Amino acid sequence: VVSDQLLGGRRVAEIVFQLAAGLGTDRDENTVTVLRGDEPLIAMRFPDAAVDIRAGGDAPGQGGWVSPRFGVRQPAERIAWRGEVGEDGIEIHLAAIRRPL
């Protein structure tokens, strides 16, 4: 389990996770599960449901891209939370999902 905090005064912030090509997502309110095919890999819990997930796109921040080699780009999902950070900060939790033995 990884917990990350963003502390400090009041401000608007964006926290972004760029996924590799071939990974997908499943969203339930403020929790995003990263998938490889049908296999869940990691669960990400955000402070609220202000999460945007996109791949591709032409404008900066519109979607996600990865480059496997020079001159080549592939669309890949980009997970972005954007919201106001208060005096107490915010927390994002990441937890690996273990496969049953």
# chains A, B, ... in the order shown; residues from 1 in each chain; ligands from 1
$ select_by_dssp --residues "chain A" --states "strand (DSSP E or B)" --output "JSON, numbers by chain"
{"A": [2, 3, 4, 5, 6, 11, 12, 13, 14, 15, 16, 17, 18, 23, 24, 25, 26, 27, 28, 31, 32, 33, 34, 35, 36, 39, 40, 41, 42, 43, 44, 45, 51, 52, 53, 54, 65, 66, 67, 68, 69, 72, 73, 74, 75, 78, 79, 80, 81, 82, 83, 84, 85, 90, 91, 92, 93, 94, 95, 96]}
$ residues_around --residues "Arg10 (chain A)" --least-positions-apart "5" --cutoff "8 Å" --atoms "only C-alpha atoms" --output "list of chain:residue names"
A:Glu84, A:Val85, A:Gly86, A:Glu87
$ write_last_selection --atoms "N, CA and C atoms" --output "mmCIF file, in the first residue's frame"
data_model
loop_
_atom_site.group_PDB
_atom_site.id
_atom_site.type_symbol
_atom_site.label_atom_id
_atom_site.label_comp_id
_atom_site.auth_asym_id
_atom_site.auth_seq_id
_atom_site.Cartn_x
_atom_site.Cartn_y
_atom_site.Cartn_z
ATOM 1 N N GLU A 84 -9.630 20.984 -5.435
ATOM 2 C CA GLU A 84 -9.077 21.950 -4.491
ATOM 3 C C GLU A 84 -8.448 21.223 -3.314
ATOM 4 N N VAL A 85 -7.248 21.660 -2.972
ATOM 5 C CA VAL A 85 -6.533 21.130 -1.819
ATOM 6 C C VAL A 85 -6.716 22.134 -0.693
ATOM 7 N N GLY A 86 -7.257 21.683 0.424
ATOM 8 C CA GLY A 86 -7.475 22.558 1.566
ATOM 9 C C GLY A 86 -6.264 22.594 2.484
ATOM 10 N N GLU A 87 -6.418 23.255 3.604
ATOM 11 C CA GLU A 87 -5.336 23.393 4.588
ATOM 12 C C GLU A 87 -4.843 22.038 5.085
#
$ closest_residue --among "A:Ile42, A:Arg27, A:Val12, A:Leu6" --to "Arg99 (chain A)" --atoms "only C-alpha atoms"
A:Ile42
$ atom_distance --atom1 "CA of Ile97 (chain A)" --atom2 "CA of Leu7 (chain A)"
27.2 Å
$ closest_residue --among "A:Ala95, A:Ala76, A:Val34, A:Leu41" --to "Gln18 (chain A)" --atoms "only C-alpha atoms"
A:Ala76
$ residues_around --residues "Ile79 (chain A)" --least-positions-apart "3" --cutoff "12 Å" --atoms "only C-alpha atoms" --output "PyMOL selection string"
chain A and resi 14-20+23-27+30-34+44-46+49-55+61-65+76+82
